[in-house]
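data-v5.txt follows (compact mmCIF, C-alpha atoms):
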# COMPACT_ATOMS: atom_id res chain seq x y z
CA MET B 1141 33.24 -93.70 -25.46
CA ALA B 1142 36.43 -92.14 -24.09
CA ASP B 1143 36.64 -90.49 -20.69
CA LEU B 1144 36.46 -86.74 -21.38
CA SER B 1145 36.71 -85.64 -17.75
CA ILE B 1146 39.74 -83.65 -16.63
CA ASN B 1147 41.44 -82.78 -13.37
CA LEU B 1148 43.25 -79.46 -13.48
CA ALA B 1149 45.15 -78.83 -10.24
CA GLY B 1150 42.46 -80.63 -8.27
CA ILE B 1151 39.58 -78.99 -10.15
CA GLU B 1152 37.41 -81.66 -11.72
CA SER B 1153 35.33 -81.06 -14.83
CA PRO B 1154 33.14 -83.38 -16.93
CA ASN B 1155 34.97 -82.31 -20.09
CA PRO B 1156 37.88 -80.01 -21.02
CA PHE B 1157 35.72 -77.30 -22.60
CA TRP B 1158 35.26 -74.21 -20.44
CA LEU B 1159 33.95 -70.79 -21.32
CA ALA B 1160 36.58 -68.12 -20.71
CA SER B 1161 35.99 -65.13 -18.49
CA ALA B 1162 34.30 -62.76 -20.93
CA PRO B 1163 30.84 -61.53 -22.05
CA PRO B 1164 29.49 -65.12 -22.41
CA THR B 1165 29.95 -65.66 -18.64
CA ASN B 1166 28.56 -62.34 -17.51
CA SER B 1167 25.52 -63.71 -15.67
CA GLY B 1168 23.99 -66.78 -14.09
CA TYR B 1169 21.44 -66.96 -16.89
CA GLN B 1170 24.20 -67.27 -19.49
CA VAL B 1171 26.35 -69.74 -17.56
CA GLN B 1172 23.36 -71.96 -16.85
CA ARG B 1173 22.44 -71.94 -20.56
CA ALA B 1174 26.03 -72.88 -21.33
CA PHE B 1175 25.97 -75.81 -18.91
CA GLU B 1176 22.69 -77.01 -20.41
CA ALA B 1177 24.38 -76.96 -23.83
CA GLY B 1178 27.21 -79.16 -22.52
CA TRP B 1179 30.10 -76.91 -21.47
CA GLY B 1180 32.12 -78.56 -18.73
CA GLY B 1181 32.95 -75.34 -16.93
CA ALA B 1182 32.89 -71.58 -16.99
CA VAL B 1183 35.20 -68.89 -15.71
CA TRP B 1184 32.85 -66.18 -14.45
CA LYS B 1185 33.35 -62.71 -15.94
CA THR B 1186 35.97 -60.95 -13.85
CA LEU B 1187 34.79 -59.66 -10.48
CA GLY B 1188 36.26 -56.61 -8.78
CA ASP B 1189 35.52 -53.05 -7.78
CA PRO B 1190 32.64 -51.29 -9.64
CA ILE B 1191 33.48 -49.97 -13.11
CA LEU B 1192 31.72 -48.15 -15.94
CA ASN B 1193 31.86 -49.48 -19.50
CA VAL B 1194 31.60 -47.53 -22.76
CA THR B 1195 29.80 -48.05 -26.07
CA SER B 1196 30.65 -49.26 -28.58
CA ARG B 1197 32.98 -51.99 -27.34
CA PHE B 1198 33.58 -54.65 -29.99
CA ALA B 1199 35.14 -54.83 -33.43
CA ALA B 1200 36.05 -57.70 -35.71
CA VAL B 1201 38.64 -58.32 -38.38
CA SER B 1202 37.42 -60.35 -41.34
CA PHE B 1203 39.81 -61.82 -43.88
CA ASN B 1204 39.29 -63.31 -47.32
CA GLY B 1205 35.61 -63.93 -46.68
CA GLN B 1206 36.02 -65.33 -43.19
CA LYS B 1207 33.98 -63.39 -40.67
CA VAL B 1208 35.57 -62.73 -37.27
CA ALA B 1209 39.02 -64.02 -38.11
CA GLY B 1210 40.04 -61.75 -35.25
CA PHE B 1211 38.04 -60.02 -32.54
CA ASN B 1212 38.82 -56.84 -30.63
CA ASN B 1213 37.17 -55.48 -27.50
CA ILE B 1214 37.49 -52.50 -25.17
CA GLU B 1215 35.10 -53.92 -22.58
CA LEU B 1216 36.21 -53.99 -18.96
CA ILE B 1217 35.45 -56.42 -16.13
CA THR B 1218 31.87 -56.93 -14.90
CA ASP B 1219 29.82 -53.79 -14.42
CA ARG B 1220 27.25 -55.67 -12.33
CA PRO B 1221 27.31 -55.42 -8.50
CA LEU B 1222 29.47 -58.00 -6.74
CA GLU B 1223 26.56 -59.07 -4.55
CA VAL B 1224 24.44 -59.88 -7.60
CA ASN B 1225 27.22 -61.92 -9.19
CA LEU B 1226 27.85 -63.85 -5.97
CA LYS B 1227 24.16 -64.67 -5.61
CA GLU B 1228 24.02 -65.97 -9.20
CA ILE B 1229 27.22 -67.99 -8.77
CA TYR B 1230 25.73 -69.67 -5.71
CA GLU B 1231 22.46 -70.43 -7.52
CA THR B 1232 24.26 -71.74 -10.62
CA LYS B 1233 26.57 -74.02 -8.64
CA LYS B 1234 23.62 -75.35 -6.65
CA ARG B 1235 21.76 -76.17 -9.86
CA PHE B 1236 24.83 -77.63 -11.64
CA PRO B 1237 26.96 -79.18 -8.88
CA ASN B 1238 29.00 -81.34 -11.27
CA HIS B 1239 30.02 -78.48 -13.53
CA THR B 1240 33.03 -76.30 -12.88
CA ILE B 1241 32.71 -72.66 -11.86
CA ILE B 1242 35.87 -70.60 -11.58
CA ALA B 1243 35.72 -67.03 -10.28
CA SER B 1244 37.91 -64.61 -12.19
CA LEU B 1245 39.19 -61.86 -9.90
CA MET B 1246 40.87 -58.49 -10.32
CA VAL B 1247 41.56 -55.95 -7.61
CA ALA B 1248 44.26 -53.40 -6.88
CA PRO B 1249 47.64 -54.83 -5.80
CA ASN B 1250 46.77 -54.72 -2.11
CA GLN B 1251 46.95 -57.68 0.27
CA GLU B 1252 43.79 -56.78 2.17
CA LYS B 1253 41.75 -56.40 -1.02
CA TRP B 1254 42.88 -59.79 -2.30
CA HIS B 1255 42.05 -61.46 1.01
CA GLU B 1256 38.61 -59.87 1.09
CA ILE B 1257 37.49 -60.81 -2.42
CA VAL B 1258 38.92 -64.34 -2.22
CA LYS B 1259 36.96 -65.05 0.94
CA ARG B 1260 33.75 -63.58 -0.43
CA VAL B 1261 33.74 -65.60 -3.65
CA GLU B 1262 34.79 -68.83 -1.97
CA ASP B 1263 31.86 -68.49 0.42
CA VAL B 1264 29.44 -69.04 -2.48
CA GLY B 1265 30.96 -72.36 -3.53
CA VAL B 1266 33.29 -71.77 -6.48
CA ASP B 1267 35.59 -74.59 -7.53
CA GLY B 1268 38.60 -72.36 -8.01
CA LEU B 1269 39.91 -68.87 -8.62
CA GLU B 1270 41.52 -67.28 -11.66
CA LEU B 1271 43.59 -64.15 -11.01
CA ASN B 1272 43.23 -61.84 -14.01
CA PHE B 1273 46.69 -60.40 -14.65
CA GLY B 1274 46.06 -60.06 -18.36
CA CYS B 1275 43.41 -57.48 -19.28
CA PRO B 1276 45.34 -55.02 -21.51
CA HIS B 1277 43.00 -52.03 -21.53
CA GLY B 1278 41.07 -49.84 -19.11
CA MET B 1279 41.96 -51.77 -15.99
CA ALA B 1280 45.67 -51.66 -16.86
CA GLU B 1281 45.51 -47.87 -16.69
CA ARG B 1282 44.43 -48.31 -13.08
CA GLY B 1283 47.42 -50.48 -12.18
CA MET B 1284 45.59 -53.79 -12.58
CA GLY B 1285 45.32 -56.41 -15.34
CA SER B 1286 48.34 -56.48 -17.61
CA ALA B 1287 49.95 -53.59 -15.71
CA SER B 1288 50.38 -56.11 -12.89
CA GLY B 1289 50.89 -59.07 -15.20
CA GLN B 1290 53.89 -57.50 -16.91
CA VAL B 1291 55.80 -57.19 -13.63
CA PRO B 1292 57.03 -60.57 -12.30
CA GLU B 1293 57.36 -59.25 -8.75
CA LEU B 1294 53.72 -58.15 -8.72
CA VAL B 1295 52.58 -61.47 -10.20
CA GLU B 1296 54.42 -63.36 -7.47
CA LYS B 1297 53.29 -61.07 -4.66
CA GLN B 1298 49.60 -60.96 -5.62
CA THR B 1299 49.49 -64.70 -6.22
CA TYR B 1300 50.94 -65.18 -2.75
CA TRP B 1301 48.33 -62.87 -1.23
CA ALA B 1302 45.50 -64.75 -2.93
CA LYS B 1303 46.95 -68.07 -1.81
CA GLU B 1304 47.13 -66.83 1.79
CA ALA B 1305 43.34 -66.61 1.87
CA ALA B 1306 42.32 -69.25 -0.68
CA LYS B 1307 41.00 -72.69 0.15
CA THR B 1308 40.38 -73.60 -3.50
CA PRO B 1309 42.98 -73.90 -6.29
CA VAL B 1310 44.38 -70.65 -7.68
CA ILE B 1311 44.93 -70.23 -11.43
CA VAL B 1312 46.97 -67.25 -12.63
CA LYS B 1313 45.92 -65.82 -16.00
CA LEU B 1314 48.91 -64.40 -17.85
CA THR B 1315 49.23 -61.56 -20.32
CA PRO B 1316 50.81 -62.19 -23.74
CA ASN B 1317 51.86 -58.54 -23.90
CA ILE B 1318 55.33 -59.32 -22.65
CA THR B 1319 58.66 -60.39 -24.13
CA ASP B 1320 58.87 -63.80 -22.45
CA ILE B 1321 55.76 -65.27 -20.85
CA THR B 1322 57.77 -67.93 -19.03
CA VAL B 1323 59.21 -65.22 -16.77
CA THR B 1324 55.81 -64.28 -15.36
CA ALA B 1325 54.73 -67.92 -15.35
CA GLU B 1326 57.72 -68.73 -13.16
CA ALA B 1327 56.76 -65.80 -10.91
CA ALA B 1328 53.28 -67.28 -10.53
CA VAL B 1329 54.85 -70.60 -9.53
CA LYS B 1330 56.98 -68.84 -6.93
CA GLY B 1331 53.85 -67.18 -5.57
CA GLY B 1332 52.25 -70.59 -5.07
CA ALA B 1333 49.92 -70.78 -8.09
CA ASP B 1334 48.26 -74.15 -8.58
CA ALA B 1335 47.90 -73.60 -12.33
CA ILE B 1336 48.29 -70.95 -15.00
CA SER B 1337 46.01 -69.96 -17.88
CA MET B 1338 47.01 -68.28 -21.13
CA ILE B 1339 46.69 -66.26 -23.12
CA ASN B 1340 44.70 -63.19 -22.31
CA THR B 1341 44.05 -60.75 -25.14
CA ILE B 1342 46.74 -58.97 -27.16
CA ASN B 1343 47.09 -55.18 -27.43
CA SER B 1344 45.46 -54.16 -30.69
CA LEU B 1345 43.56 -51.70 -32.80
CA ALA B 1346 41.05 -53.42 -35.08
CA GLY B 1347 41.14 -50.80 -37.81
CA VAL B 1348 40.52 -47.27 -39.02
CA ASP B 1349 37.51 -46.11 -41.04
CA ILE B 1350 39.15 -44.47 -44.06
CA ASP B 1351 36.05 -42.33 -44.73
CA SER B 1352 35.39 -40.90 -41.25
CA TRP B 1353 38.99 -41.44 -40.02
CA ASN B 1354 37.58 -42.79 -36.78
CA THR B 1355 39.15 -45.80 -35.12
CA ILE B 1356 37.21 -49.07 -35.08
CA PRO B 1357 35.54 -49.21 -32.64
CA HIS B 1358 35.22 -45.60 -31.53
CA VAL B 1359 33.43 -43.90 -28.67
CA GLY B 1360 32.10 -40.54 -29.79
CA GLY B 1361 34.98 -40.10 -32.22
CA LYS B 1362 37.70 -41.24 -29.82
CA GLY B 1363 39.40 -44.63 -29.80
CA ALA B 1364 41.65 -46.69 -27.56
CA HIS B 1365 43.64 -49.87 -27.88
CA GLY B 1366 41.78 -53.04 -27.01
CA GLY B 1367 42.31 -56.76 -26.56
CA TYR B 1368 42.67 -59.01 -29.62
CA CYS B 1369 41.47 -62.61 -29.66
CA GLY B 1370 39.83 -65.12 -31.97
CA PRO B 1371 41.29 -67.55 -34.56
CA ALA B 1372 44.04 -65.11 -35.57
CA VAL B 1373 45.78 -65.37 -32.18
CA LYS B 1374 45.83 -69.17 -31.96
CA PRO B 1375 49.43 -69.58 -33.18
CA ILE B 1376 50.65 -67.09 -30.59
CA ALA B 1377 48.71 -68.75 -27.79
CA LEU B 1378 49.81 -72.24 -28.82
CA HIS B 1379 53.46 -71.15 -28.80
CA MET B 1380 53.18 -69.64 -25.33
CA VAL B 1381 51.48 -72.74 -23.94
CA GLY B 1382 54.26 -74.86 -25.41
CA GLU B 1383 56.99 -72.62 -23.99
CA CYS B 1384 55.56 -72.97 -20.49
CA ALA B 1385 54.73 -76.67 -20.80
CA ARG B 1386 58.32 -77.58 -21.70
CA ASN B 1387 59.86 -75.41 -18.98
CA PRO B 1388 60.89 -77.48 -15.94
CA LYS B 1389 60.56 -74.39 -13.75
CA ILE B 1390 56.82 -74.33 -14.47
CA PRO B 1391 55.66 -77.74 -13.16
CA ILE B 1392 51.98 -76.83 -12.86
CA PRO B 1393 48.96 -77.44 -15.13
CA ILE B 1394 47.97 -75.05 -17.90
CA SER B 1395 44.51 -73.94 -19.01
CA GLY B 1396 44.86 -73.08 -22.71
CA ILE B 1397 43.15 -70.02 -24.19
CA GLY B 1398 43.36 -68.25 -27.53
CA GLY B 1399 41.53 -68.78 -30.80
CA ILE B 1400 40.11 -72.21 -30.00
CA SER B 1401 37.18 -72.63 -32.39
CA ASN B 1402 36.68 -76.40 -32.77
CA TRP B 1403 37.69 -79.76 -31.33
CA GLN B 1404 40.78 -79.95 -33.53
CA ASN B 1405 42.10 -76.71 -32.03
CA ALA B 1406 41.42 -78.08 -28.56
CA VAL B 1407 43.41 -81.23 -29.33
CA GLU B 1408 46.35 -79.08 -30.47
CA PHE B 1409 46.37 -77.21 -27.15
CA LEU B 1410 46.08 -80.44 -25.16
CA LEU B 1411 48.94 -82.03 -27.08
CA MET B 1412 51.05 -78.93 -26.53
CA GLY B 1413 50.57 -79.16 -22.77
CA ALA B 1414 47.21 -77.72 -21.76
CA THR B 1415 45.08 -79.82 -19.40
CA GLY B 1416 41.91 -78.07 -20.52
CA VAL B 1417 40.84 -75.22 -22.80
CA GLN B 1418 38.82 -72.04 -22.51
CA VAL B 1419 36.73 -70.62 -25.36
CA CYS B 1420 35.28 -67.15 -25.89
CA THR B 1421 35.22 -65.73 -29.42
CA ALA B 1422 33.86 -68.88 -31.07
CA ALA B 1423 30.96 -68.95 -28.61
CA MET B 1424 30.26 -65.26 -29.25
CA HIS B 1425 30.32 -65.92 -33.00
CA HIS B 1426 28.24 -69.10 -33.10
CA GLY B 1427 26.52 -69.52 -29.74
CA PHE B 1428 26.83 -72.05 -26.90
CA ARG B 1429 25.71 -75.04 -28.98
CA ILE B 1430 29.11 -75.25 -30.69
CA VAL B 1431 30.27 -77.28 -27.71
CA GLU B 1432 28.18 -80.21 -28.92
CA ASP B 1433 30.40 -80.60 -32.01
CA MET B 1434 33.49 -80.09 -29.86
CA ILE B 1435 32.53 -82.88 -27.49
CA GLU B 1436 31.46 -85.25 -30.25
CA GLY B 1437 34.55 -84.58 -32.35
CA LEU B 1438 36.94 -85.04 -29.43
CA ASP B 1439 35.22 -88.26 -28.40
CA HIS B 1440 35.43 -89.73 -31.91
CA TYR B 1441 39.07 -88.66 -32.22
CA LEU B 1442 40.03 -90.42 -28.99
CA ASP B 1443 38.14 -93.55 -30.01
CA GLU B 1444 39.84 -93.63 -33.42
CA LYS B 1445 43.23 -93.27 -31.75
CA GLY B 1446 42.42 -95.94 -29.18
CA ILE B 1447 42.96 -93.47 -26.33
CA ALA B 1448 40.90 -94.13 -23.21
CA SER B 1449 41.11 -90.71 -21.55
CA VAL B 1450 41.50 -87.15 -22.79
CA MET B 1451 44.10 -86.65 -20.05
CA ASP B 1452 46.36 -89.03 -21.99
CA LEU B 1453 46.75 -86.36 -24.69
CA VAL B 1454 48.19 -83.73 -22.38
CA GLY B 1455 51.72 -82.69 -23.32
CA LYS B 1456 52.40 -85.39 -25.90
CA SER B 1457 53.67 -82.80 -28.40
CA ALA B 1458 55.33 -80.51 -25.87
CA VAL B 1459 58.33 -82.85 -25.75
CA LYS B 1460 58.77 -82.30 -29.49
CA TYR B 1461 58.79 -78.51 -29.13
CA SER B 1462 62.33 -77.21 -28.84
CA ASP B 1463 64.68 -74.43 -29.92
CA TRP B 1464 65.90 -73.83 -33.47
CA GLY B 1465 69.40 -74.84 -32.48
CA ASN B 1466 68.20 -78.36 -31.74
CA LEU B 1467 66.75 -79.00 -35.22
CA ASP B 1468 68.44 -81.42 -37.63
CA LEU B 1469 70.25 -79.43 -40.32
CA ASN B 1470 70.53 -82.56 -42.50
CA TYR B 1471 66.84 -83.45 -42.55
CA LYS B 1472 65.50 -82.85 -46.07
CA VAL B 1473 62.09 -82.61 -47.69
CA VAL B 1474 61.25 -81.52 -51.24
CA ALA B 1475 58.05 -80.66 -53.07
CA LYS B 1476 56.48 -83.14 -55.45
CA ILE B 1477 53.78 -81.95 -57.87
CA ASN B 1478 51.04 -84.38 -58.90
CA ASN B 1479 50.21 -83.17 -62.39
CA ASP B 1480 47.17 -85.48 -62.60
CA VAL B 1481 45.59 -83.43 -59.81
CA CYS B 1482 47.14 -80.04 -60.61
CA ILE B 1483 44.74 -77.54 -62.23
CA HIS B 1484 47.65 -75.55 -63.72
CA CYS B 1485 46.79 -72.29 -62.05
CA ASN B 1486 50.57 -71.81 -61.73
CA LYS B 1487 50.33 -70.20 -58.30
CA CYS B 1488 53.10 -72.49 -57.06
CA HIS B 1489 55.39 -71.46 -59.91
CA ILE B 1490 54.69 -67.76 -59.40
CA ALA B 1491 55.27 -67.98 -55.64
CA CYS B 1492 58.47 -69.98 -56.04
CA GLU B 1493 59.82 -67.87 -58.92
CA ASP B 1494 59.06 -64.50 -57.35
CA THR B 1495 59.52 -65.07 -53.63
CA SER B 1496 61.30 -68.34 -52.95
CA HIS B 1497 64.02 -70.43 -54.65
CA GLN B 1498 63.13 -70.62 -58.37
CA CYS B 1499 63.05 -74.42 -58.47
CA ILE B 1500 59.74 -75.13 -60.27
CA ASP B 1501 60.00 -75.48 -64.05
CA MET B 1502 57.12 -75.09 -66.53
CA LEU B 1503 57.56 -77.91 -69.08
CA LYS B 1504 55.63 -79.95 -71.63
CA ASP B 1505 55.37 -83.72 -71.61
CA LEU B 1506 55.65 -85.97 -74.70
CA SER B 1507 52.06 -85.22 -75.68
CA GLY B 1508 52.62 -81.49 -75.47
CA THR B 1509 50.64 -81.06 -72.27
CA SER B 1510 51.90 -78.39 -69.89
CA ILE B 1511 53.30 -79.78 -66.64
CA LEU B 1512 55.13 -78.42 -63.61
CA LYS B 1513 58.22 -80.13 -62.28
CA VAL B 1514 60.31 -79.46 -59.18
CA ARG B 1515 64.08 -79.55 -59.47
CA GLU B 1516 64.77 -81.47 -56.31
CA GLU B 1517 68.43 -80.50 -56.15
CA ASP B 1518 67.44 -76.83 -55.84
CA CYS B 1519 64.33 -77.27 -53.65
CA VAL B 1520 64.89 -76.26 -50.02
CA GLY B 1521 61.60 -77.74 -48.78
CA CYS B 1522 60.23 -74.40 -47.64
CA ASN B 1523 56.56 -75.53 -48.10
CA LEU B 1524 55.52 -72.29 -49.83
CA CYS B 1525 54.25 -73.99 -53.00
CA SER B 1526 52.07 -76.40 -51.03
CA ILE B 1527 50.76 -73.53 -48.91
CA VAL B 1528 49.60 -71.40 -51.85
CA CYS B 1529 48.26 -74.35 -53.87
CA PRO B 1530 44.43 -74.24 -53.93
CA VAL B 1531 43.97 -77.99 -54.57
CA ASP B 1532 44.39 -80.67 -51.91
CA GLY B 1533 46.76 -83.42 -53.01
CA ALA B 1534 48.31 -81.49 -55.88
CA ILE B 1535 51.58 -80.90 -54.03
CA ASP B 1536 53.14 -83.17 -51.41
CA MET B 1537 56.20 -82.53 -49.30
CA ILE B 1538 58.30 -85.69 -49.48
CA GLU B 1539 61.15 -86.65 -47.18
CA ILE B 1540 64.24 -87.75 -49.06
CA PRO B 1541 67.50 -89.16 -47.65
CA SER B 1542 70.26 -86.59 -47.43
CA GLY B 1543 72.98 -89.18 -47.03
CA LEU B 1544 74.26 -87.35 -43.98
CA PRO B 1545 73.91 -88.19 -40.29
CA PRO B 1546 71.63 -86.00 -38.15
CA MET B 1547 73.34 -82.84 -36.94
CA THR B 1548 71.94 -79.82 -35.14
CA TRP B 1549 73.29 -76.28 -35.16
CA ASN B 1550 74.27 -76.66 -31.51
CA GLU B 1551 76.16 -79.87 -32.28
CA ARG B 1552 77.83 -78.22 -35.25
CA GLN B 1553 79.00 -75.27 -33.18
CA ALA B 1554 80.25 -77.58 -30.45
CA ALA B 1555 82.22 -79.57 -33.02
CA ILE B 1556 83.70 -76.39 -34.52
CA GLY B 1557 84.65 -75.21 -31.04
CA ALA B 1558 86.28 -78.53 -30.22
CA ALA B 1559 88.21 -78.52 -33.50
CA SER B 1560 89.41 -74.96 -32.87
CA TYR B 1561 90.55 -75.93 -29.38
CA GLU B 1562 92.46 -78.93 -30.75
CA SER B 1563 94.19 -76.76 -33.35
CA THR B 1564 95.58 -74.48 -30.65
CA LYS B 1565 97.34 -77.30 -28.82

Whole structure, structure tokens version:
Amino acid sequence: MADLSINLAGIESPNPFWLASAPPTNSGYQVQRAFEAGWGGAVWKTLGDPILNVTSRFAAVSFNGQKVAGFNNIELITDRPLEVNLKEIYETKKRFPNHTIIASLMVAPNQEKWHEIVKRVEDVGVDGLELNFGCPHGMAERGMGSASGQVPELVEKQTYWAKEAAKTPVIVKLTPNITDITVTAEAAVKGGADAISMINTINSLAGVDIDSWNTIPHVGGKGAHGGYCGPAVKPIALHMVGECARNPKIPIPISGIGGISNWQNAVEFLLMGATGVQVCTAAMHHGFRIVEDMIEGLDHYLDEKGIASVMDLVGKSAVKYSDWGNLDLNYKVVAKINNDVCIHCNKCHIACEDTSHQCIDMLKDLSGTSILKVREEDCVGCNLCSIVCPVDGAIDMIEIPSGLPPMTWNERQAAIGAASYESTK
């Protein structure tokens, strides 16, 4: 069995699977049930000044028969008294000393308030702190959450204030509702953050009821934007993790969040640079026991790969993540259709003919049987045919030699510039 334990900025955990700060970590009862199920850690639902929540709060986006492809919420931070949460954190940590408890915090951008809440939560034995600079609704209107997280100066300043008082590692949770997340990540580093976590939820409206014309969800006929999460946001989160992981100005660990629903998703985030992962929507959809499959799947994967520790996965794909200008213009793949497997639904032909490069021909073989054939000289290797094909193995993307040496756009432009310079001599 592989070693599944992680160390994220000095925070040790028996496995990389943590519950994110959200409804599943709202109480000691829930967190203790989660630890019994096998979760390595939990980020307690965000603590701060008292708030009032509304009903209803949740909405989901289903797609093509998949329930909860995306999830939207307008819930705020904890509406339970701070004293009650602190008591339950203390009791939970005492009962599960080897499991990780991180306190998520959100207060107004005020040095004294940050010092006060940091000291209070650390007194009950948390393993670390997560500063919530990402919540996009409700709290943002009060100058907190993403309202702070979108301003690099506020990220740096508040991180510094928390670090002034903190004795445990400080993780800064970043908002994706920004043009370039590396800018605020760098600000967190300047403020002294020990790690960053991403992504928080994305500004969204789940839908509109076309009969009542109410937004989904609505509160007495009124709606507001909420935070979007779930499987639909995974590509966005994975990109942002990769952008930070490959940035030399962000030399701190990353806790990956966003659409992680199974062990395969977790491996993707680890490979892209996350040291551990946080899960919310999948647990809300299926319950805490999903972690059993996550742990078992990750363990088997590591054993099959001959990898001794999950920490050996971290960042292995981040080095392959680059900018478009560094991609080889002369690398070539083409589609190859296996007519023995093809069911002749012709979806590939329709997609290619209508919306791509018109390089799939409908032919008949010597026996008169209909077949599909790709004209390799016209195929640009876009992958569309293999994406729309409903049958595994019917279409493969095959690398073929281009006969040309590797050349990137950046290299090409440099060569053109050099040639232009020479011509002016």

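Only residues having an atom at most 6 Å from (45.1, -67.4, -27.9) are included; using only C-alpha atoms, these are Ile1339, Val1373, Lys1374, Ala1377, Ile1397, Gly1398 and Gly1399 of chain B.
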
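Distance-wise, atom CA of Met1451 of chain B and atom CA of Leu1438 of chain B end up 11.9 Å apart.
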
Using all atoms listed in the file, find the one residue out of B:Ile1229, B:Ala1248, B:Leu1144, B:Val1323 that sits nearest to Gln1170 of chain B.
B:Ile1229

Using all atoms listed in the file, which protein or nucleic acid residues come within 8 Å of Ser1161 of chain B? Drop anything in the same chain fewer than 6 positions from it, and give the result as an NGL selection string.
:B and (1182-1186 or 1244 or 1420)

The distance between atom CA of Ile1242 of chain B and atom CA of Val1266 of chain B is 5.8 Å

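In this model, the gap between atom CA of Ala1287 of chain B and atom CA of Phe1409 of chain B comes to 26.5 Å.
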
Near-Val1312 of chain B list (8 Å; all atoms listed in the file; drop same-chain fewer than 3 positions) as an NGL selection string
:B and (1270-1273 or 1299 or 1328 or 1333 or 1335-1337)

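Distance annotation: of B:Leu1159, B:Met1412, B:Ile1392, B:Ile1376, the residue with the minimal separation from Ser1462 of chain B is B:Met1412; atom set is all atoms listed in the file.
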
Can you pull out every residue within 12 Å of Asn1250 of chain B, counting all atoms listed in the file, but drop anything in the same chain fewer than 3 positions away, and send it as a PyMOL selection string?
chain B and resi 1246-1247+1253-1257+1283-1284+1288+1294+1297-1302

Exercise: residues within 12 Å of coordinate (56.4, -79.9, -17.4), counting all atoms listed in the file, as a list in words:
Ala1335, Val1381, Gly1382, Glu1383, Cys1384, Ala1385, Arg1386, Asn1387, Pro1388, Lys1389, Ile1390, Pro1391, Ile1392, Pro1393, Ile1394, Met1412, Gly1413, Ala1414, Thr1415, Val1454, Gly1455, Lys1456, Ser1457, Ala1458 and Val1459 of chain B

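Across B:Ser1286, B:Asn1470, B:Asn1340, B:Asn1147, the tightest approach to Gly1521 of chain B is made by B:Asn1470 when counting all atoms listed in the file.
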
What's around Asn1155 of chain B at 7 Å? Count only C-alpha atoms, leave out sequence neighbours fewer than 4 positions away in its own chain, and write the answer as number ranges by chain.
B: 1144-1146, 1180

What does the file look like for those residues with C-alpha atoms, as an mmCIF file, keeping the file's coordinate frame?
data_model
loop_
_atom_site.group_PDB
_atom_site.id
_atom_site.type_symbol
_atom_site.label_atom_id
_atom_site.label_comp_id
_atom_site.auth_asym_id
_atom_site.auth_seq_id
_atom_site.Cartn_x
_atom_site.Cartn_y
_atom_site.Cartn_z
ATOM 1 C CA LEU B 1144 36.460 -86.740 -21.380
ATOM 2 C CA SER B 1145 36.710 -85.640 -17.750
ATOM 3 C CA ILE B 1146 39.740 -83.650 -16.630
ATOM 4 C CA GLY B 1180 32.120 -78.560 -18.730
#

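Ranking B:Val1264, B:Met1434, B:Leu1269, B:Val1481 by their shortest atom-to-atom distance to Thr1232 of chain B, with all atoms listed in the file included, puts B:Val1264 first.
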
Which residue gives the smallest distance to Ser1542 of chain B among B:Arg1515, B:Arg1429, B:Asp1468, B:Pro1190, with only C-alpha atoms counted?
B:Asp1468

Find the residues around Ser1196 of chain B up to 7 Å (all atoms listed in the file counted), leave out those fewer than 6 positions away in its own chain, and share them as a PyMOL selection string.
chain B and resi 1357-1359

Restricting to all atoms listed in the file, whichever of B:His1379, B:Arg1235, B:Lys1445, B:His1365 is closest to Glu1408 of chain B is B:His1379
